[in-house]
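Shown next, in structure tokens, is the structure this report addresses.
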Amino acid sequence: MPDETTAGLRLDAVRIRLDGRELVAVDSRVRPGETLTVMGPSGSGKSTLLAYVGGFLDPVFAGEGRVICGGRDIANFPAQERHAGILFQDPLLFPHMSVGGNLVFAMPGTIAGKPARRARAEAALADVGLEGFYDRDPDTLSGGQKARVALARVLLAEPNFLLLDEPFSKLDMQLRGQIRTLVFERARRSRLPVILVTHDEADASAAGGDVIEIG
Amino acid sequence: MLRFAPGIAIALLALPVIGGLAGTILPAFGYLPALGGGELSLEPFMTVLGQPGLLRSSLIALAAGVVTAAISIVLVALFVGGWSETRTFHFIQSLVSPLLAVPHAAAAFGLAFMIAPSGFLARLVSPWATGWERPPDWLIVNDPLGLSFMAGLIVKEVPFLLLMTLAALPQVPLSASNRLAASLGYGRVAGFLFTTWPAIYRQIRLAVFAVIAFASSAVEVAYILGPTTPAALPVRLVEWMNDPDLSSRFMASAGAVLQLGITLAALLIWLALEKLCGMTMMHFCEQGRRYRSDRLLRLAALVLIALTALIVFGGLAVLALWSVSGLWQFPDVLPDALSLRGWMQTLPRIGNPLVTTVTVGLASTLLSTLIVIGSLASGQRDGNGTRWKLFFLYLPLLVPQAGFVFGLKLFLTHGGVGATWAALVLVHTVFVLPYIFLSLSAPWRAFDTRYEAIAAGLGKSGWTTLLVIRLPMLSRAILVACAVGFAVSVGQYLPTVLIGAGRLVTITTEAVALGAGGNRRVIGIYAFLQMLLPFLGFAFAAVVPTLLFRNRRAMKIA
């Protein structure tokens, strides 16, 4: 277990450039269960910060700086070894799998045996208020339901941290607050450091952590 | 492993072309040690140039290349300009697109069965309107000017160019330009030609070059519909190439080099025409006239495009009817009786070519698809330039088949490989791979990579993401690309004839060979099978994802 000084996620002199022009410069620390909110106009490069931390930065960008997670610098790790839980604007449920298939795919291999994995997925669905949705076609779900499945999927993978790329911006007003509360509450419960990219002030205040502006 | 795929693809496309060209050019100058030709000489060229009617044969090939491409591209441009974003457009598009899957030989037979003096159209109007009790003695098919030959090429070029244009459309702001031009008072067609067309043409240019290269060296269409005395150069070339007298290989090679020159000349003429048309368009554009009354032009484009599809599909239907007809005398519109005798007689002989067609088609499609997916997946990882890759992709389509497949054949025979199944699969792959790549690259690039970011975040490796996320989600596009590839393989004539050397025959080579016999029932059967096989491929590509993902709404056709 990492101690209090190394727990969480630290961005150490992270810089992202495009054609030599600096887009993003961040030095910050996110403690477990807390949220760092990155704000900026569209095109400011705030999503590229998430791509850098998550390990899927487009090769046209040049990124540097340390990303320290649990005491280790993961900046040079391939994406699949960083265990970044990602939520985008769209829920992006894999359309060729059932709702349950999406969840089982996300689960670590340590949960062994088909019945055990199914039971775990059913429990995760119940936890986000979607009992009995295991065999459903994801495309038949409402926007709010899809967002809940996406959250359940990301948590089931037991990520080291969460990267949220304007995940509430496409939901309508009523749902937005509801899903937002759910996401932050679950992140706190799992003691996950969170980086949130948004241009919505309400997101920032709901997140309640540090806010940095770029662009 | 993936990173080797682009190298394999380029080697597979470039080596046969370059090696084949060398194997054609050296014997053309008298160098073929296996046949005792150890010194360079111009004798083979002298022999070719001494052939009777050679100039006429060459001119027919040249004209076929330039004229058909010009007519086809004008038709496509006028049609897209006149009708884009209308319901008619989508209807015609769905009517014309299936033509792409019909092999050249089958389309040519279909056309012949329609327009021949004893064909379906003549029967429709006889004898009540024409007074004909027997077919008139007219040379409509095989006419000396090669008009029906060119028509046979055009009906296949139009769907190809239309599809390439449709693929280019999303990359230009079509609706906005159309509206802007209309608000400035321009007619539909003129507005389109002045604003959008140049950008589209730039994107489909290589495809147009491929059309010219194919048309100027097309064998099977020329064989079925082209003039006979003398025949177009490509037809005569194949005769020389198949001559059992080994010494005629020098002459055949020289002929193939002549063919390369003719295709090159056709392309050069085209480049000049491009310049000329560009300048003319500029001139009209700068005059500022609005060309508002283009209704007749639009209508003409629509009718002609629809006609290409109707004639071929009508012809194919007639041809299918012939395969099951009993007595069917002129001028009866329909046969007196239906009979399966033709099928009963032919079936025992179909097995072997059918097996070769299907296995070679499946093998070359599978091989090509694996290489294409590997190339696309690795290109996505490096993300480096694609301009020169596209050139290699088009290489086998830009160099006339007769120019390099013959050299390849000489390599294989004198290298002791001979007419093997594996050699045929490899040669088919050279032509199948580019089409699969062209068909799959757009959906591949359109894939939302955020799905892959999520999968990576879930801790999945690149391979798992490829196999469990991307490929299943692209299954429909992949299977359609496979169906395109299979159709290309089924339709291959010249490479099959040359590499198969009579020992490996396919439905297509049999159909063309039987075409000379003129037995309509037998031709009907083979041409029917020729269109059935690609059709089955596309049906498979449509049905399998639907069954696999029957409970997944988002996986249905958008």
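In the structure tokens, each chain is lettered A, B, ... as it comes, each chain's residues begin at 1, and ligands are numbered from 1 in order of appearance.
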
Check: For chain B against chain A, which residues fall within 6 Å using only C-alpha atoms, given as a ChimeraX atom specification?
Finding: /B:454,456-461,552-554

Keeping only C-alpha atoms, take the residues you just selected and write them out as a PDB file, in the first residue's frame.
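So result_35.pdb came out as:
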```
ATOM      1  CA  ILE B 454     -11.201   2.457 -23.288  1.00  0.00           C
ATOM      2  CA  ALA B 456      -6.501  -0.234 -23.249  1.00  0.00           C
ATOM      3  CA  GLY B 457      -7.580   1.498 -20.048  1.00  0.00           C
ATOM      4  CA  LEU B 458      -9.314  -1.730 -19.072  1.00  0.00           C
ATOM      5  CA  GLY B 459      -5.892  -3.345 -19.294  1.00  0.00           C
ATOM      6  CA  LYS B 460      -6.366  -5.132 -22.612  1.00  0.00           C
ATOM      7  CA  SER B 461      -3.394  -5.707 -24.916  1.00  0.00           C
ATOM      8  CA  ARG B 552     -27.414  -5.799 -31.472  1.00  0.00           C
ATOM      9  CA  ARG B 553     -29.211  -2.820 -32.937  1.00  0.00           C
ATOM     10  CA  ALA B 554     -26.113  -0.633 -33.315  1.00  0.00           C
TER      11      ALA B 554
END
```

Next item on the list: Within segment 26-182 of chain A, find each residue whose DSSP state, derived from the backbone, is alpha helix (DSSP H), and express the selection as a VMD selection string.
Entry: chain A and resid 46 to 54 99 to 106 114 to 127 143 to 156 173 to 182

Quick one: residues within 12 Å of Ser441 of chain B, only C-alpha atoms, excluding same-chain residues fewer than 5 positions away - as a PDB file with N, CA and C atoms, in the first residue's frame?
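Printed below is selection08.pdb as written:
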```pdb
ATOM      1  N   ALA B 167     -17.091   7.457 -52.750  1.00  0.00           N
ATOM      2  CA  ALA B 167     -16.173   7.336 -51.618  1.00  0.00           C
ATOM      3  C   ALA B 167     -15.452   8.651 -51.361  1.00  0.00           C
ATOM      4  N   THR B 369      -6.809 -10.347 -47.214  1.00  0.00           N
ATOM      5  CA  THR B 369      -7.471  -9.697 -46.088  1.00  0.00           C
ATOM      6  C   THR B 369      -6.551  -9.669 -44.871  1.00  0.00           C
ATOM      7  N   VAL B 372      -3.942  -7.038 -45.510  1.00  0.00           N
ATOM      8  CA  VAL B 372      -4.510  -5.684 -45.469  1.00  0.00           C
ATOM      9  C   VAL B 372      -4.800  -5.281 -44.026  1.00  0.00           C
ATOM     10  N   ILE B 373      -5.412  -6.181 -43.259  1.00  0.00           N
ATOM     11  CA  ILE B 373      -5.715  -5.851 -41.866  1.00  0.00           C
ATOM     12  C   ILE B 373      -4.418  -5.601 -41.099  1.00  0.00           C
ATOM     13  N   GLY B 374      -3.407  -6.441 -41.356  1.00  0.00           N
ATOM     14  CA  GLY B 374      -2.117  -6.229 -40.701  1.00  0.00           C
ATOM     15  C   GLY B 374      -1.529  -4.874 -41.061  1.00  0.00           C
ATOM     16  N   SER B 375      -1.596  -4.509 -42.340  1.00  0.00           N
ATOM     17  CA  SER B 375      -1.038  -3.222 -42.776  1.00  0.00           C
ATOM     18  C   SER B 375      -1.778  -2.061 -42.144  1.00  0.00           C
ATOM     19  N   LEU B 376      -3.108  -2.155 -42.156  1.00  0.00           N
ATOM     20  CA  LEU B 376      -3.903  -1.055 -41.601  1.00  0.00           C
ATOM     21  C   LEU B 376      -3.629  -0.924 -40.102  1.00  0.00           C
ATOM     22  N   ALA B 377      -3.572  -2.073 -39.409  1.00  0.00           N
ATOM     23  CA  ALA B 377      -3.356  -2.028 -37.960  1.00  0.00           C
ATOM     24  C   ALA B 377      -1.982  -1.458 -37.646  1.00  0.00           C
ATOM     25  N   GLY B 379      -0.140   0.519 -39.661  1.00  0.00           N
ATOM     26  CA  GLY B 379      -0.099   1.910 -40.102  1.00  0.00           C
ATOM     27  C   GLY B 379      -0.734   2.828 -39.085  1.00  0.00           C
ATOM     28  N   GLN B 380      -1.774   2.295 -38.423  1.00  0.00           N
ATOM     29  CA  GLN B 380      -2.477   3.063 -37.409  1.00  0.00           C
ATOM     30  C   GLN B 380      -1.552   3.307 -36.216  1.00  0.00           C
ATOM     31  N   THR B 386       1.006   8.116 -46.296  1.00  0.00           N
ATOM     32  CA  THR B 386       0.399   7.055 -47.074  1.00  0.00           C
ATOM     33  C   THR B 386       0.504   7.306 -48.570  1.00  0.00           C
ATOM     34  N   LEU B 390       0.014   4.339 -51.448  1.00  0.00           N
ATOM     35  CA  LEU B 390      -1.104   4.301 -52.384  1.00  0.00           C
ATOM     36  C   LEU B 390      -0.598   3.990 -53.791  1.00  0.00           C
ATOM     37  N   LEU B 393      -0.063   0.380 -54.101  1.00  0.00           N
ATOM     38  CA  LEU B 393      -1.358  -0.271 -54.128  1.00  0.00           C
ATOM     39  C   LEU B 393      -1.935  -0.284 -55.540  1.00  0.00           C
ATOM     40  N   LEU B 433      -5.674  -7.965 -53.611  1.00  0.00           N
ATOM     41  CA  LEU B 433      -5.255  -7.163 -52.459  1.00  0.00           C
ATOM     42  C   LEU B 433      -5.555  -5.665 -52.608  1.00  0.00           C
ATOM     43  N   PRO B 434      -5.245  -5.044 -53.746  1.00  0.00           N
ATOM     44  CA  PRO B 434      -5.530  -3.608 -53.843  1.00  0.00           C
ATOM     45  C   PRO B 434      -7.017  -3.291 -53.642  1.00  0.00           C
ATOM     46  N   TYR B 435      -7.897  -4.134 -54.194  1.00  0.00           N
ATOM     47  CA  TYR B 435      -9.330  -3.847 -54.066  1.00  0.00           C
ATOM     48  C   TYR B 435      -9.791  -4.008 -52.621  1.00  0.00           C
ATOM     49  N   ILE B 436      -9.257  -5.021 -51.932  1.00  0.00           N
ATOM     50  CA  ILE B 436      -9.636  -5.200 -50.533  1.00  0.00           C
ATOM     51  C   ILE B 436      -9.141  -4.013 -49.711  1.00  0.00           C
ATOM     52  N   ALA B 446     -12.439   5.325 -40.274  1.00  0.00           N
ATOM     53  CA  ALA B 446     -13.599   5.978 -39.656  1.00  0.00           C
ATOM     54  C   ALA B 446     -13.878   5.407 -38.268  1.00  0.00           C
ATOM     55  N   PHE B 447     -13.214   4.320 -37.907  1.00  0.00           N
ATOM     56  CA  PHE B 447     -13.479   3.674 -36.614  1.00  0.00           C
ATOM     57  C   PHE B 447     -13.141   4.638 -35.474  1.00  0.00           C
ATOM     58  N   LEU B 474     -15.924  -4.101 -36.912  1.00  0.00           N
ATOM     59  CA  LEU B 474     -15.794  -3.824 -38.345  1.00  0.00           C
ATOM     60  C   LEU B 474     -16.167  -5.048 -39.190  1.00  0.00           C
ATOM     61  N   ALA B 477     -17.867  -4.440 -42.603  1.00  0.00           N
ATOM     62  CA  ALA B 477     -16.991  -3.840 -43.622  1.00  0.00           C
ATOM     63  C   ALA B 477     -15.940  -4.843 -44.099  1.00  0.00           C
ATOM     64  N   ILE B 478     -15.427  -5.643 -43.171  1.00  0.00           N
ATOM     65  CA  ILE B 478     -14.397  -6.621 -43.546  1.00  0.00           C
ATOM     66  C   ILE B 478     -14.984  -7.668 -44.495  1.00  0.00           C
ATOM     67  N   ALA B 481     -15.511  -6.196 -47.904  1.00  0.00           N
ATOM     68  CA  ALA B 481     -14.221  -6.119 -48.599  1.00  0.00           C
ATOM     69  C   ALA B 481     -13.826  -7.493 -49.126  1.00  0.00           C
TER      70      ALA B 481
END
```

Find the residues around segment 486-500 of chain B up to 8 Å (only C-alpha atoms counted), leave out those fewer than 4 positions away in its own chain, and share them as a PDB file with C-alpha atoms, in the first residue's frame.
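For reference, result_31.pdb as written:
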```pdb
ATOM      1  CA  ALA B 101     -19.494  -7.380 -58.796  1.00  0.00           C
ATOM      2  CA  VAL B 102     -20.336  -8.751 -62.238  1.00  0.00           C
ATOM      3  CA  PRO B 103     -17.187 -10.067 -63.952  1.00  0.00           C
ATOM      4  CA  HIS B 104     -16.222  -8.288 -67.165  1.00  0.00           C
ATOM      5  CA  ALA B 105     -16.808 -11.394 -69.254  1.00  0.00           C
ATOM      6  CA  VAL B 219      -8.636  -9.073 -73.240  1.00  0.00           C
ATOM      7  CA  GLU B 220     -11.894 -10.808 -72.459  1.00  0.00           C
ATOM      8  CA  MET B 241       1.494 -15.974 -75.773  1.00  0.00           C
ATOM      9  CA  ASN B 242      -0.415 -19.251 -75.952  1.00  0.00           C
ATOM     10  CA  THR B 357     -12.544 -20.813 -59.022  1.00  0.00           C
ATOM     11  CA  VAL B 358     -13.856 -21.081 -55.484  1.00  0.00           C
ATOM     12  CA  VAL B 360      -8.401 -19.840 -55.544  1.00  0.00           C
ATOM     13  CA  GLY B 361     -10.885 -17.059 -54.823  1.00  0.00           C
ATOM     14  CA  LEU B 362     -11.176 -17.940 -51.142  1.00  0.00           C
ATOM     15  CA  SER B 364      -6.391 -15.205 -52.359  1.00  0.00           C
ATOM     16  CA  THR B 365      -9.140 -13.294 -50.534  1.00  0.00           C
ATOM     17  CA  GLN B 401      -1.728  -7.277 -66.965  1.00  0.00           C
ATOM     18  CA  ALA B 402      -0.416  -8.510 -70.303  1.00  0.00           C
ATOM     19  CA  VAL B 405       1.910 -11.418 -66.073  1.00  0.00           C
ATOM     20  CA  PHE B 406       3.447 -12.925 -69.204  1.00  0.00           C
ATOM     21  CA  LYS B 409       4.691 -16.795 -66.388  1.00  0.00           C
ATOM     22  CA  GLY B 418       4.653 -24.229 -63.660  1.00  0.00           C
ATOM     23  CA  ALA B 419       0.882 -24.087 -63.426  1.00  0.00           C
ATOM     24  CA  THR B 420       0.362 -24.789 -59.749  1.00  0.00           C
ATOM     25  CA  ALA B 423       1.136 -19.844 -58.121  1.00  0.00           C
ATOM     26  CA  LEU B 424      -2.373 -19.009 -59.287  1.00  0.00           C
ATOM     27  CA  VAL B 427      -0.985 -14.031 -58.851  1.00  0.00           C
ATOM     28  CA  HIS B 428      -4.669 -13.503 -58.023  1.00  0.00           C
ATOM     29  CA  THR B 429      -3.604 -11.979 -54.701  1.00  0.00           C
ATOM     30  CA  PHE B 431      -4.987  -8.087 -58.051  1.00  0.00           C
ATOM     31  CA  VAL B 432      -7.300  -8.912 -55.143  1.00  0.00           C
ATOM     32  CA  TYR B 435      -9.330  -3.847 -54.066  1.00  0.00           C
ATOM     33  CA  CYS B 482     -13.773  -9.902 -48.753  1.00  0.00           C
ATOM     34  CA  LEU B 504      -5.984 -24.806 -64.186  1.00  0.00           C
ATOM     35  CA  VAL B 505      -9.245 -23.509 -65.576  1.00  0.00           C
ATOM     36  CA  THR B 506     -11.881 -21.402 -63.875  1.00  0.00           C
ATOM     37  CA  ILE B 507     -15.487 -20.584 -64.670  1.00  0.00           C
ATOM     38  CA  THR B 508     -14.298 -17.329 -66.253  1.00  0.00           C
ATOM     39  CA  THR B 509     -11.668 -18.837 -68.532  1.00  0.00           C
ATOM     40  CA  GLN B 530     -19.901 -16.167 -63.104  1.00  0.00           C
ATOM     41  CA  LEU B 533     -20.431 -16.661 -57.289  1.00  0.00           C
ATOM     42  CA  PRO B 534     -19.821 -12.954 -56.541  1.00  0.00           C
ATOM     43  CA  GLY B 537     -20.095 -13.669 -51.675  1.00  0.00           C
TER      44      GLY B 537
END
```

Margin query: Would you pick out the contacts of segment 325-336 of chain B at 8 Å or less, using only C-alpha atoms, so that residues sharing its chain but fewer than 3 positions from it are not included, and give the list as an NGL selection string?
Written below: :B and (118 or 120 or 122-124 or 126-127 or 132-135 or 321-322 or 339-341 or 521)

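In this model, the gap between atom CA of Arg445 of chain B and atom CA of Pro472 of chain B comes to 15.1 Å.
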
Next item on the list: May I ask which of the residues B:Leu310, B:Leu268, B:Ala112, B:Val468 is the closest one to Gly518 of chain B, counting only C-alpha atoms?
Entry: B:Ala112

Need to verify the contact set: segment 70-82 of chain B, 6 Å, only C-alpha atoms, exclusion of same-chain residues closer than 5 positions in sequence. Can you return it as a PDB file with N, CA and C atoms, in the first residue's frame?
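What ended up in around_11.pdb:
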```
ATOM      1  N   ILE B 154     -17.562   0.410 -71.073  1.00  0.00           N
ATOM      2  CA  ILE B 154     -18.187   1.534 -70.368  1.00  0.00           C
ATOM      3  C   ILE B 154     -19.147   1.041 -69.286  1.00  0.00           C
ATOM      4  N   VAL B 158     -18.410   2.636 -65.542  1.00  0.00           N
ATOM      5  CA  VAL B 158     -19.305   3.589 -64.880  1.00  0.00           C
ATOM      6  C   VAL B 158     -19.541   3.220 -63.409  1.00  0.00           C
ATOM      7  N   LEU B 162     -18.240   5.569 -60.439  1.00  0.00           N
ATOM      8  CA  LEU B 162     -19.284   6.132 -59.582  1.00  0.00           C
ATOM      9  C   LEU B 162     -19.000   5.807 -58.119  1.00  0.00           C
ATOM     10  N   ARG B 188     -27.443  23.571 -61.640  1.00  0.00           N
ATOM     11  CA  ARG B 188     -26.944  22.482 -60.795  1.00  0.00           C
ATOM     12  C   ARG B 188     -25.636  21.909 -61.306  1.00  0.00           C
ATOM     13  N   VAL B 189     -25.651  21.521 -62.588  1.00  0.00           N
ATOM     14  CA  VAL B 189     -24.483  20.839 -63.149  1.00  0.00           C
ATOM     15  C   VAL B 189     -23.280  21.777 -63.193  1.00  0.00           C
ATOM     16  N   PHE B 192     -21.833  22.447 -59.792  1.00  0.00           N
ATOM     17  CA  PHE B 192     -21.071  21.299 -59.297  1.00  0.00           C
ATOM     18  C   PHE B 192     -19.711  21.214 -59.984  1.00  0.00           C
ATOM     19  N   ARG B 298     -29.106  16.970 -67.600  1.00  0.00           N
ATOM     20  CA  ARG B 298     -29.303  16.133 -66.414  1.00  0.00           C
ATOM     21  C   ARG B 298     -30.065  14.871 -66.790  1.00  0.00           C
ATOM     22  N   ALA B 301     -27.938  12.383 -68.731  1.00  0.00           N
ATOM     23  CA  ALA B 301     -27.005  11.659 -67.864  1.00  0.00           C
ATOM     24  C   ALA B 301     -27.741  10.576 -67.099  1.00  0.00           C
TER      25      ALA B 301
END
```

Item checked: Residues near Ile350 of chain B, cut-off 10 Å, only C-alpha atoms, skip fewer than 5 positions along chain, as a VMD selection string -> chain B and resid 343 345 355 506 to 507 510 525 to 526 529

Next item on the list: Would you mind telling me which residue in A:Val38, A:Val14, A:Thr181, A:Asp27 lies nearest to Gly209 of chain A when using only C-alpha atoms?
Entry: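 Nearest candidate to Gly209 of chain A out of A:Val38, A:Val14, A:Thr181, A:Asp27: A:Val38.
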
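Between atom CA of Leu338 of chain B and atom CA of Val324 of chain B lies a distance of 5.6 Å.
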